[in-house]
$ cat coords.cif   # mmCIF, C-alpha atoms and all ligand atoms
data_data
loop_
_atom_site.label_atom_id
_atom_site.label_comp_id
_atom_site.auth_asym_id
_atom_site.auth_seq_id
_atom_site.Cartn_x
_atom_site.Cartn_y
_atom_site.Cartn_z
CA MET A 208 -16.36 -8.05 -19.21
CA TYR A 209 -17.54 -4.81 -20.68
CA LEU A 210 -16.51 -3.04 -17.52
CA ALA A 211 -13.12 -4.70 -17.56
CA HIS A 212 -12.64 -3.76 -21.18
CA HIS A 213 -13.39 -0.13 -20.51
CA THR A 214 -11.46 -0.02 -17.28
CA HIS A 215 -8.34 -1.29 -19.00
CA ARG A 216 -8.41 1.31 -21.64
CA LEU A 217 -8.69 4.14 -19.15
CA VAL A 218 -6.27 6.73 -20.36
CA MET A 219 -5.55 9.44 -17.84
CA ARG A 220 -5.35 12.87 -19.32
CA ARG A 221 -3.24 15.47 -17.58
CA CYS A 222 -5.17 18.48 -16.41
CA SER A 223 -2.72 20.78 -14.67
CA ILE A 224 -3.83 23.62 -12.45
CA SER A 225 -2.10 26.12 -14.71
CA SER A 226 -4.32 25.18 -17.62
CA MET A 227 -7.48 25.85 -15.66
CA LEU A 228 -9.73 28.76 -16.30
CA VAL A 229 -9.49 31.05 -13.30
CA PRO A 230 -12.92 31.23 -11.72
CA SER A 231 -14.91 34.40 -12.18
CA SER A 232 -17.62 36.00 -10.04
CA ILE A 233 -17.22 35.61 -6.31
CA ARG A 234 -13.76 34.70 -5.16
CA PHE A 235 -13.14 32.82 -1.99
CA ALA A 236 -11.51 35.74 -0.21
CA LEU A 237 -10.14 33.82 2.73
CA LEU A 238 -7.98 31.69 0.52
CA PRO A 239 -4.28 32.32 0.31
CA SER A 240 -2.74 31.68 -3.10
CA SER A 241 -2.90 27.96 -2.56
CA SER A 242 -2.84 26.98 -6.22
CA SER A 243 0.74 28.20 -6.50
CA SER A 244 1.84 25.23 -4.41
CA SER A 245 0.11 22.80 -6.70
CA SER A 246 1.93 20.18 -8.64
CA SER A 247 0.92 17.49 -11.06
CA THR A 248 1.43 13.79 -10.68
CA SER A 249 2.38 11.43 -13.44
CA ASN A 250 -1.03 9.81 -13.74
CA GLY A 251 -2.65 13.06 -14.76
CA SER A 252 -3.98 14.27 -11.44
CA SER A 253 -3.14 17.46 -9.61
CA THR A 254 -2.62 17.83 -5.89
CA SER A 255 -1.95 20.81 -3.66
CA ASP A 256 0.43 19.03 -1.35
CA PRO A 257 2.24 15.99 -2.71
CA SER A 258 3.69 15.12 0.71
CA SER A 259 0.31 14.74 2.41
CA GLY A 260 -1.59 13.71 -0.73
CA CYS A 261 -4.15 16.37 0.15
CA GLY A 262 -5.99 18.01 -2.74
CA VAL A 263 -8.62 17.59 -5.42
CA THR A 264 -7.69 15.73 -8.58
CA LEU A 265 -9.26 15.80 -12.01
CA GLN A 266 -8.78 12.99 -14.46
CA PHE A 267 -10.27 12.24 -17.85
CA LEU A 268 -11.17 8.78 -19.05
CA HIS A 269 -12.50 7.18 -22.21
CA ASP A 270 -11.06 9.62 -24.74
CA ASP A 271 -11.93 12.63 -22.61
CA SER A 272 -15.59 11.73 -22.48
CA VAL A 273 -15.71 11.08 -18.71
CA ALA A 274 -14.20 13.31 -16.02
CA VAL A 275 -13.47 12.11 -12.48
CA ILE A 276 -13.07 14.58 -9.62
CA THR A 277 -11.50 12.95 -6.56
CA LEU A 278 -11.35 14.49 -3.08
CA GLN A 279 -8.15 13.54 -1.28
CA ASN A 280 -7.38 14.30 2.34
CA PRO A 281 -6.42 10.82 3.48
CA LYS A 282 -5.64 11.61 7.09
CA ARG A 283 -8.99 13.31 7.66
CA ARG A 284 -11.50 11.20 5.77
CA ASN A 285 -11.27 13.62 2.84
CA ALA A 286 -12.39 16.63 4.86
CA LEU A 287 -12.34 19.73 2.65
CA THR A 288 -9.72 22.37 3.38
CA VAL A 289 -10.09 25.86 1.96
CA SER A 290 -7.36 25.03 -0.56
CA MET A 291 -9.36 22.03 -1.68
CA MET A 292 -12.44 24.23 -2.06
CA GLU A 293 -10.46 26.45 -4.39
CA GLN A 294 -9.16 23.49 -6.36
CA LEU A 295 -12.67 22.11 -6.69
CA ASP A 296 -13.71 25.47 -8.10
CA MET A 297 -10.88 25.47 -10.65
CA HIS A 298 -11.79 21.98 -11.77
CA VAL A 299 -15.45 22.85 -12.14
CA GLN A 300 -14.55 25.91 -14.23
CA SER A 301 -12.38 23.66 -16.34
CA LEU A 302 -15.26 21.21 -16.74
CA LEU A 303 -17.55 24.04 -17.82
CA ARG A 304 -15.14 24.72 -20.67
CA TRP A 305 -14.80 21.03 -21.45
CA SER A 306 -18.52 20.41 -21.56
CA THR A 307 -19.65 23.60 -23.28
CA ASN A 308 -17.33 23.43 -26.21
CA ASP A 309 -15.50 26.71 -25.73
CA SER A 310 -11.99 25.41 -25.34
CA SER A 311 -9.63 24.04 -27.92
CA ASN A 312 -7.80 22.09 -25.22
CA TYR A 313 -10.33 19.32 -25.02
CA ASN A 314 -11.88 16.81 -27.31
CA ASN A 315 -15.06 18.28 -25.91
CA ASN A 316 -17.50 17.04 -28.50
CA ASN A 317 -17.19 13.84 -26.58
CA ALA A 318 -18.10 15.06 -23.05
CA ARG A 319 -20.61 12.71 -21.45
CA ALA A 320 -20.26 12.46 -17.68
CA VAL A 321 -18.60 13.75 -14.52
CA ILE A 322 -18.01 11.55 -11.48
CA LEU A 323 -17.42 13.08 -8.03
CA THR A 324 -15.77 10.70 -5.60
CA GLY A 325 -13.38 10.45 -2.67
CA GLY A 326 -10.05 8.65 -2.39
CA GLY A 327 -9.10 5.99 0.14
CA GLY A 328 -12.46 4.27 0.45
CA THR A 329 -14.44 7.21 1.78
CA PHE A 330 -16.22 10.23 0.30
CA CYS A 331 -15.91 13.38 2.44
CA SER A 332 -16.22 14.23 6.14
CA GLY A 333 -17.27 17.83 5.46
CA LEU A 334 -15.40 20.94 6.37
CA ASP A 335 -11.87 20.24 7.61
CA LEU A 336 -12.20 21.10 11.28
CA HIS A 337 -8.43 21.13 11.71
CA ASP A 338 -7.65 23.34 8.74
CA ASN A 339 -5.39 26.22 9.73
CA GLU A 340 -5.81 28.51 6.76
CA THR A 341 -5.71 32.14 7.79
CA PRO A 342 -8.66 34.34 6.89
CA SER A 343 -7.90 37.40 4.86
CA THR A 344 -10.33 39.84 6.42
CA ALA A 345 -12.48 39.97 9.53
CA GLU A 346 -15.18 42.00 7.83
CA THR A 347 -16.16 39.04 5.67
CA ALA A 348 -17.44 37.32 8.80
CA GLY A 349 -20.85 35.72 8.94
CA GLY A 350 -22.60 35.32 12.29
CA SER A 351 -21.17 36.27 15.64
CA THR A 352 -17.52 35.67 16.39
CA ASN A 353 -17.55 36.18 20.10
CA SER A 354 -15.57 33.12 20.97
CA SER A 355 -11.92 32.60 21.59
CA SER A 356 -12.16 29.03 20.31
CA SER A 357 -9.28 27.99 18.15
CA SER A 358 -11.78 26.91 15.49
CA SER A 359 -13.21 30.41 15.19
CA HIS A 360 -10.93 31.32 12.29
CA LEU A 361 -12.70 28.71 10.20
CA LEU A 362 -16.09 30.02 11.13
CA ARG A 363 -15.64 33.76 10.75
CA ASP A 364 -15.47 33.39 7.02
CA GLY A 365 -18.61 31.35 6.74
CA LYS A 366 -20.15 33.88 4.38
CA ASN A 367 -17.35 33.51 1.86
CA MET A 368 -17.44 29.75 2.24
CA LEU A 369 -21.17 29.70 1.61
CA TYR A 370 -21.01 31.85 -1.52
CA HIS A 371 -18.05 29.95 -2.87
CA MET A 372 -19.36 26.44 -2.24
CA THR A 373 -22.93 27.28 -3.27
CA ARG A 374 -21.74 28.67 -6.59
CA VAL A 375 -19.33 25.80 -7.26
CA THR A 376 -21.78 23.04 -6.34
CA ASN A 377 -24.58 24.64 -8.37
CA GLN A 378 -22.27 24.91 -11.34
CA LEU A 379 -21.32 21.26 -10.97
CA LEU A 380 -24.98 20.22 -10.95
CA SER A 381 -25.68 22.45 -13.95
CA LEU A 382 -22.93 21.06 -16.17
CA PRO A 383 -24.47 19.84 -19.42
CA VAL A 384 -23.29 16.28 -18.86
CA LEU A 385 -24.57 13.57 -16.54
CA SER A 386 -23.00 13.92 -13.09
CA ILE A 387 -22.69 11.15 -10.53
CA SER A 388 -21.56 11.04 -6.89
CA ALA A 389 -19.78 7.73 -6.29
CA ILE A 390 -19.84 7.28 -2.53
CA ASP A 391 -17.87 4.83 -0.46
CA GLY A 392 -17.74 5.23 3.31
CA TYR A 393 -18.71 8.50 4.94
CA ALA A 394 -20.37 11.61 3.53
CA MET A 395 -20.85 13.83 6.57
CA GLY A 396 -21.91 17.46 6.96
CA GLY A 397 -20.64 19.37 3.95
CA GLY A 398 -19.76 15.99 2.47
CA ALA A 399 -23.44 15.04 2.62
CA GLU A 400 -24.24 18.33 0.89
CA LEU A 401 -21.86 17.41 -1.93
CA THR A 402 -23.96 14.31 -2.61
CA THR A 403 -26.82 16.62 -3.65
CA CYS A 404 -24.85 18.43 -6.34
CA THR A 405 -24.83 15.63 -8.89
CA ASP A 406 -27.64 14.17 -10.98
CA LEU A 407 -27.23 10.63 -9.69
CA VAL A 408 -25.93 9.00 -6.53
CA VAL A 409 -24.17 5.63 -6.46
CA LEU A 410 -23.54 4.06 -3.06
CA SER A 411 -21.27 1.28 -1.96
CA ARG A 412 -22.64 -1.05 0.72
CA ASP A 413 -20.65 0.73 3.44
CA ALA A 414 -21.80 4.22 2.44
CA LYS A 415 -23.27 6.47 5.11
CA ILE A 416 -24.64 9.92 4.32
CA GLN A 417 -25.49 12.13 7.27
CA PHE A 418 -26.33 15.81 7.54
CA VAL A 419 -24.70 16.43 10.92
CA HIS A 420 -25.04 20.20 10.71
CA ALA A 421 -27.65 20.54 13.47
CA LYS A 422 -25.42 18.53 15.78
CA ARG A 423 -22.71 21.08 15.07
CA GLY A 424 -25.00 24.01 15.90
CA ALA A 425 -25.13 24.84 12.20
CA SER A 426 -27.23 24.63 9.06
CA PRO A 427 -26.14 23.55 5.56
CA GLY A 428 -23.80 26.09 4.00
CA TRP A 429 -22.65 24.46 0.79
CA GLY A 430 -25.96 24.82 -1.05
CA GLY A 431 -27.19 21.39 0.04
CA LEU A 432 -30.38 22.30 1.85
CA ARG A 433 -32.48 23.38 -1.11
CA ARG A 434 -31.12 20.57 -3.23
CA LEU A 435 -31.87 18.03 -0.50
CA ILE A 436 -35.50 19.16 -0.37
CA LYS A 437 -35.76 18.80 -4.12
CA LYS A 438 -34.26 15.36 -3.87
CA VAL A 439 -36.17 13.79 -0.99
CA GLY A 440 -39.07 16.14 -0.25
CA ARG A 441 -39.74 18.48 2.65
CA GLU A 442 -40.62 15.95 5.35
CA ARG A 443 -37.78 13.58 4.73
CA ALA A 444 -35.36 16.50 4.41
CA LEU A 445 -36.46 17.73 7.83
CA ARG A 446 -35.99 14.25 9.30
CA MET A 447 -32.51 14.04 7.80
CA LEU A 448 -31.55 17.55 8.85
CA LEU A 449 -33.01 17.53 12.36
CA LEU A 450 -33.56 13.95 13.52
CA GLY A 451 -30.32 12.35 12.41
CA GLU A 452 -31.92 10.13 9.75
CA CYS A 453 -29.11 8.88 7.54
CA ILE A 454 -28.77 7.13 4.22
CA LEU A 455 -27.05 3.77 4.48
CA GLY A 456 -25.80 1.77 1.50
CA GLU A 457 -26.78 -1.53 3.13
CA GLU A 458 -30.36 -0.37 3.67
CA GLU A 459 -30.61 0.95 0.15
CA ALA A 460 -29.40 -2.41 -1.15
CA LEU A 461 -32.19 -4.16 0.75
CA GLY A 462 -34.67 -1.83 -0.87
CA ALA A 463 -33.19 -2.51 -4.27
CA ARG A 464 -33.35 -6.27 -3.77
CA SER A 465 -36.98 -6.24 -2.73
CA GLY A 466 -37.87 -3.91 -5.57
CA GLY A 467 -38.93 -1.35 -3.02
CA LYS A 468 -37.60 2.13 -2.53
CA ILE A 469 -36.96 2.49 1.15
CA SER A 470 -34.88 5.56 0.52
CA TYR A 471 -35.21 8.17 -2.18
CA TYR A 472 -31.52 8.70 -2.37
CA ALA A 473 -29.50 6.08 -4.22
CA ASP A 474 -29.90 5.57 -7.94
CA VAL A 475 -27.53 2.62 -7.91
CA VAL A 476 -26.22 0.50 -5.04
CA ALA A 477 -22.97 -1.39 -5.55
CA ASN A 478 -22.84 -5.16 -5.35
CA GLU A 479 -21.32 -6.74 -2.26
CA GLY A 480 -17.59 -5.93 -2.26
CA GLU A 481 -17.83 -3.59 -5.24
CA THR A 482 -16.62 0.01 -4.93
CA ALA A 483 -18.93 2.87 -5.78
CA LEU A 484 -16.64 3.83 -8.67
CA HIS A 485 -16.85 0.36 -10.20
CA ALA A 486 -20.61 0.34 -9.77
CA THR A 487 -20.73 3.75 -11.46
CA MET A 488 -18.73 2.45 -14.41
CA ARG A 489 -20.88 -0.65 -14.69
CA ALA A 490 -24.31 0.84 -14.25
CA VAL A 491 -23.96 4.42 -15.50
CA ILE A 492 -20.85 5.09 -17.56
CA ASN A 493 -20.95 2.00 -19.76
CA PRO A 494 -24.55 2.59 -20.87
CA LEU A 495 -23.65 6.24 -21.55
CA LEU A 496 -20.67 5.18 -23.65
CA ASP A 497 -22.95 2.89 -25.63
CA LEU A 498 -25.03 5.84 -26.76
CA PRO A 499 -24.25 6.76 -30.36
CA CYS A 500 -23.45 10.42 -29.77
CA SER A 501 -22.61 12.66 -26.87
CA GLN A 502 -24.51 15.67 -28.22
CA SER A 503 -27.85 14.17 -27.26
CA ILE A 504 -26.63 13.58 -23.70
CA ARG A 505 -25.73 17.26 -23.33
CA ALA A 506 -28.90 18.44 -25.05
CA ILE A 507 -31.07 16.32 -22.74
CA LYS A 508 -29.16 17.37 -19.64
CA ARG A 509 -29.57 21.06 -20.55
CA ALA A 510 -33.26 20.55 -21.17
CA VAL A 511 -33.71 18.76 -17.85
CA SER A 512 -31.80 21.50 -15.99
CA SER A 513 -33.92 24.14 -17.65
CA ALA A 514 -37.14 22.30 -16.98
CA ASP A 515 -36.60 21.87 -13.26
CA GLY A 516 -34.84 25.18 -12.66
CA ASP A 517 -31.61 23.73 -11.31
CA GLY A 518 -29.77 26.47 -13.01
CA GLU A 519 -30.91 28.87 -15.62
CA VAL A 520 -29.42 27.68 -18.88
CA ILE A 521 -29.67 29.85 -21.95
CA ASP A 522 -28.44 29.71 -25.53
CA CYS A 523 -26.54 26.57 -24.90
CA ILE A 524 -27.27 24.44 -27.91
CA ASP A 525 -24.04 25.57 -29.51
CA GLY A 526 -22.35 25.58 -26.11
CA SER A 527 -21.69 29.28 -26.27
CA THR A 528 -23.50 30.62 -23.22
CA LEU A 529 -24.31 29.16 -19.88
CA LYS A 530 -25.97 31.32 -17.28
CA LEU A 531 -26.37 29.89 -13.85
CA ASP A 532 -28.80 30.99 -11.22
CA THR A 533 -26.74 30.52 -8.09
CA ASN A 534 -27.91 33.15 -5.68
CA LEU A 535 -31.57 34.07 -5.61
CA ALA A 536 -33.02 30.66 -4.95
CA MET A 537 -30.52 30.13 -2.17
CA MET A 538 -31.34 33.21 -0.13
CA GLY A 539 -33.29 31.36 2.54
CA GLU A 540 -30.53 28.84 2.94
CA ARG A 541 -27.93 31.58 3.11
CA ASP A 542 -29.83 33.50 5.78
CA ALA A 543 -30.33 30.37 7.86
CA PHE A 544 -26.67 29.48 7.64
CA LEU A 545 -25.44 32.96 8.50
CA SER A 546 -27.79 33.19 11.47
CA VAL A 547 -26.04 30.26 13.17
CA TRP A 548 -22.60 29.83 11.64
CA GLY A 549 -19.90 31.26 13.86
CA GLY A 550 -22.34 31.74 16.74
CA LYS A 551 -21.73 30.55 20.27
CA ALA A 552 -23.45 27.15 19.92
CA ASN A 553 -21.77 26.48 16.59
CA LEU A 554 -18.32 27.29 17.94
CA GLU A 555 -18.87 25.12 20.98
CA GLN A 556 -20.20 22.15 19.03
CA ILE A 557 -17.48 22.33 16.40
CA GLN A 558 -14.89 22.37 19.15
CA LYS A 559 -16.56 19.37 20.81
CA ALA A 560 -16.64 17.56 17.47
CA ARG A 561 -12.94 18.16 16.99
CA ASP A 562 -12.28 16.73 20.42
CA ARG A 563 -14.36 13.61 20.02
CA ILE A 564 -14.63 12.64 16.34
CA LYS A 565 -12.15 9.87 16.72
CA GLY A 566 -13.97 6.70 17.71
CA THR A 567 -17.49 8.11 17.70
CA PRO A 568 -18.46 8.53 14.07
CA GLY A 569 -21.28 10.95 13.41
CA LYS A 570 -21.89 11.70 17.06
C1 LIG B 601 -21.10 23.83 6.09
C2 LIG B 601 -20.22 22.64 6.31
C3 LIG B 601 -20.33 22.17 7.72
C4 LIG B 601 -19.44 20.99 8.02
O1 LIG B 601 -19.09 20.21 7.18
S1 LIG B 601 -18.94 20.85 9.64
C5 LIG B 601 -18.05 19.32 9.68
C6 LIG B 601 -19.04 18.20 9.73
N1 LIG B 601 -18.36 16.95 9.75
C7 LIG B 601 -18.18 16.27 10.88
O2 LIG B 601 -18.56 16.70 11.93
C8 LIG B 601 -17.51 14.92 10.70
C9 LIG B 601 -16.63 14.63 11.85
N2 LIG B 601 -16.01 13.32 11.67
C10 LIG B 601 -16.61 12.17 12.02
O3 LIG B 601 -17.74 12.13 12.44
C11 LIG B 601 -15.80 10.93 11.85
O4 LIG B 601 -14.43 11.26 11.85
C12 LIG B 601 -16.13 10.13 10.57
C13 LIG B 601 -16.05 11.00 9.32
C14 LIG B 601 -17.52 9.54 10.69
C15 LIG B 601 -15.09 8.98 10.40
O5 LIG B 601 -15.05 8.20 11.56
P1 LIG B 601 -13.86 7.13 11.74
O6 LIG B 601 -13.78 6.27 10.54
O7 LIG B 601 -14.07 6.46 13.06
O8 LIG B 601 -12.53 7.99 11.75
P2 LIG B 601 -12.00 8.97 12.89
O9 LIG B 601 -13.12 9.68 13.57
O10 LIG B 601 -11.02 8.24 13.71
O11 LIG B 601 -11.24 10.07 11.97
C16 LIG B 601 -10.04 9.73 11.32
C17 LIG B 601 -9.18 10.98 11.33
O12 LIG B 601 -9.83 11.94 10.49
C18 LIG B 601 -10.00 13.15 11.22
N3 LIG B 601 -11.23 13.80 10.76
C19 LIG B 601 -12.41 13.21 10.49
N4 LIG B 601 -13.30 14.12 10.10
C20 LIG B 601 -12.63 15.31 10.09
C21 LIG B 601 -13.01 16.62 9.75
N5 LIG B 601 -14.25 16.91 9.30
N6 LIG B 601 -12.10 17.59 9.86
C22 LIG B 601 -10.86 17.32 10.28
N7 LIG B 601 -10.43 16.08 10.61
C23 LIG B 601 -11.33 15.09 10.51
C24 LIG B 601 -10.08 12.73 12.69
O13 LIG B 601 -9.75 13.79 13.53
C25 LIG B 601 -9.06 11.61 12.71
O14 LIG B 601 -7.79 12.21 12.76
P3 LIG B 601 -6.67 11.59 13.76
O15 LIG B 601 -6.43 10.17 13.28
O16 LIG B 601 -7.22 11.63 15.14
O17 LIG B 601 -5.48 12.48 13.57
#

$ encode --input "coords.cif" --output "structure tokens" --more "lines below"
Ligand SMILES: CCCC(=O)SCCNC(=O)CCNC(=O)[C@H](O)C(C)(C)COP(=O)(O)OP(=O)(O)OC[C@H]1O[C@@H](n2cnc3c(N)ncnc32)[C@H](O)[C@@H]1OP(=O)(O)O
Amino acid sequence: MYLAHHTHRLVMRRCSISSMLVPSSIRFALLPSSSSSSSSTSNGSSTSDPSSGCGVTLQFLHDDSVAVITLQNPKRRNALTVSMMEQLDMHVQSLLRWSTNDSSNYNNNNARAVILTGGGGTFCSGLDLHDNETPSTAETAGGSTNSSSSSSHLLRDGKNMLYHMTRVTNQLLSLPVLSISAIDGYAMGGGAELTTCTDLVVLSRDAKIQFVHAKRGASPGWGGLRRLIKKVGRERALRMLLLGECILGEEEALGARSGGKISYYADVVANEGETALHATMRAVINPLLDLPCSQSIRAIKRAVSSADGDGEVIDCIDGSTLKLDTNLAMMGERDAFLSVWGGKANLEQIQKARDRIKGTPGK
């Protein structure tokens, strides 16, 4: 009932691309000016391509206290195109303003939570292997590019992709509000990495998280490796990264029912037939909304981030300064990724994946 009450008073707040803070630091150099083709829909979301419905939307609920980022690439299981990566960045910069009180555009004293989810009953199938964005420069290449594969254009700019996605996902995790991945269906490759960049993970029964990078001749490149180790420990991370061990919503539900913890991944598992977003509202958002003030949520989140080094946070009590450590701790992950991304095996495996993904999920 409480859920229904809150769900019915969801008021979507428009958040147009033009109102976003343009991201600073490292720009994603391979991107064309994709945001210029953006448009807003009437329910307060923004998409890059209204005809295909492909893009990343940002909506605000509950008097601007809860933000929902939704990945939308319906024909490709929400695979991330480079344009979507840029939109995700713009939304995260916007959420930094919203949650750190430095914008007059938001009722930001009320910021409590951010939900990351996917549209159409699935989360994200990783990098869009069919994306045809043109790279801006060859000198930004990471790894070898000695292949004539048609997928090579995606891979040459791995270095830019890594810096961009590592920064954006670290910033998302470091936001001074509670963040939750609400996962229905597949979270594969880079999509699995995205599940590590929120504080909590909520799974539907059909959720499947798999780090397929090794099968693609690659290594995580969206900042997910270090965060995965922090989340599940070294041994389990190695099993997930190298031996194909996946996280399944059904298995997690069994663990939850027996009071055991057969996986270290899910914080909440949806009831039978319930979507991850509904489970998130029921088990996470509603208790947060019951708290008397949002300031304590942000204060505690900042303290937790500081304490475990997820991002260096300084002078944030008044929301004025937020410094994020996005590079140094990721050097090992970066070097690993650049040593394989765009190499011969990676190009071959990505090409094979493109040829066979239909009908053989995760193989
Ligand atoms: C550093 C980042 C590294 C990366 O992320 S590399 C990419 C890693 N991701 C993958 O390899 C995932 C590949 N996809 C799959 O395994 C499966 O499609 C998946 C997600 C399990 C879903 O399986 P199914 O439900 O059986 O659906 P399906 O295979 O028939 O796919 C439906 C349509 O979506 C497309 N699709 C799925 N994943 C994609 C991707 N990553 N990039 C581009 N297109 C993708 C797929 O080609 C198919 O399209 P179509 O219907 O044949 O036109």

$ closest_residue --input "coords.cif" --among "A:Arg374, A:His485, A:Arg541, A:His298" --to "Ser426 of chain A" --atoms "all atoms listed in the file"
A:Arg541

$ closest_residue --input "coords.cif" --among "A:Ala560, A:Leu448, A:Leu379, A:Ala460" --to "ligand LIG 601 (chain B)" --atoms "only C-alpha atoms and all ligand atoms"
A:Ala560

$ residues_near_ligand --input "coords.cif" --ligand "ligand LIG 601 (chain B)" --cutoff "9 Å" --atoms "all atoms listed in the file" --output "ChimeraX atom specification"
/A:280-288,329,331-338,365,368-369,372,392-400,415,417-420,422-423,425-431,544,548,557,560-570

$ residues_near_point --input "coords.cif" --point "(-10.7, 11.5, -5.9)" --cutoff "7 Å" --atoms "only C-alpha atoms" --output "VMD selection string"
chain A and resid 263 to 264 276 to 279 324 to 326

$ write_last_selection --input "coords.cif" --atoms "C-alpha atoms" --output "PDB file, in the coordinates of the input"
ATOM      1  CA  VAL A 263      -8.620  17.590  -5.420  1.00  0.00           C
ATOM      2  CA  THR A 264      -7.690  15.730  -8.580  1.00  0.00           C
ATOM      3  CA  ILE A 276     -13.070  14.580  -9.620  1.00  0.00           C
ATOM      4  CA  THR A 277     -11.500  12.950  -6.560  1.00  0.00           C
ATOM      5  CA  LEU A 278     -11.350  14.490  -3.080  1.00  0.00           C
ATOM      6  CA  GLN A 279      -8.150  13.540  -1.280  1.00  0.00           C
ATOM      7  CA  THR A 324     -15.770  10.700  -5.600  1.00  0.00           C
ATOM      8  CA  GLY A 325     -13.380  10.450  -2.670  1.00  0.00           C
ATOM      9  CA  GLY A 326     -10.050   8.650  -2.390  1.00  0.00           C
TER      10      GLY A 326
END

$ atom_distance --input "coords.cif" --atom1 "atom CA of Gly550 of chain A" --atom2 "atom CA of Met292 of chain A"
22.5 Å

$ closest_atom_pairs --input "coords.cif" --of "segment 357-412 of chain A" --to "segment 492-511 of chain A" --cutoff "9 Å" --atoms "all atoms listed in the file" --output "Markdown table"
| residue | atom | partner | partner_atom | distance |
| --- | --- | --- | --- | --- |
| A:Ser381 | CA | A:Arg509 | CA | 7.8 |
| A:Leu382 | CA | A:Arg509 | CA | 8.0 |
| A:Pro383 | CA | A:Arg505 | CA | 4.9 |
| A:Val384 | CA | A:Arg505 | CA | 5.2 |
| A:Leu385 | CA | A:Lys508 | CA | 6.7 |

$ atom_distance --input "coords.cif" --atom1 "atom CA of Asp296 of chain A" --atom2 "atom CA of Gln378 of chain A"
9.2 Å

$ closest_residue --input "coords.cif" --among "A:Asp271, A:Asp364, A:Asp542, A:Glu458" --to "Leu432 of chain A" --atoms "all atoms listed in the file"
A:Asp542

$ atom_distance --input "coords.cif" --atom1 "atom CA of Ser512 of chain A" --atom2 "atom CA of Ser386 of chain A"
12.0 Å

$ residues_around --input "coords.cif" --residues "Glu479 of chain A" --least-positions-apart "3" --cutoff "9 Å" --atoms "all atoms listed in the file" --output "VMD selection string"
chain A and resid 411 to 412 482

$ closest_residue --input "coords.cif" --among "A:Val476, A:Leu302, A:Cys404, A:Ala414" --to "Leu435 of chain A" --atoms "all atoms listed in the file"
A:Cys404

$ closest_residue --input "coords.cif" --among "A:Met291, A:Ala490, A:Thr307, A:Val408" --to "Ile322 of chain A" --atoms "only C-alpha atoms"
A:Val408

$ closest_residue --input "coords.cif" --among "A:Val439, A:Ala389, A:Leu303, A:Leu455" --to "Val491 of chain A" --atoms "all atoms listed in the file"
A:Ala389
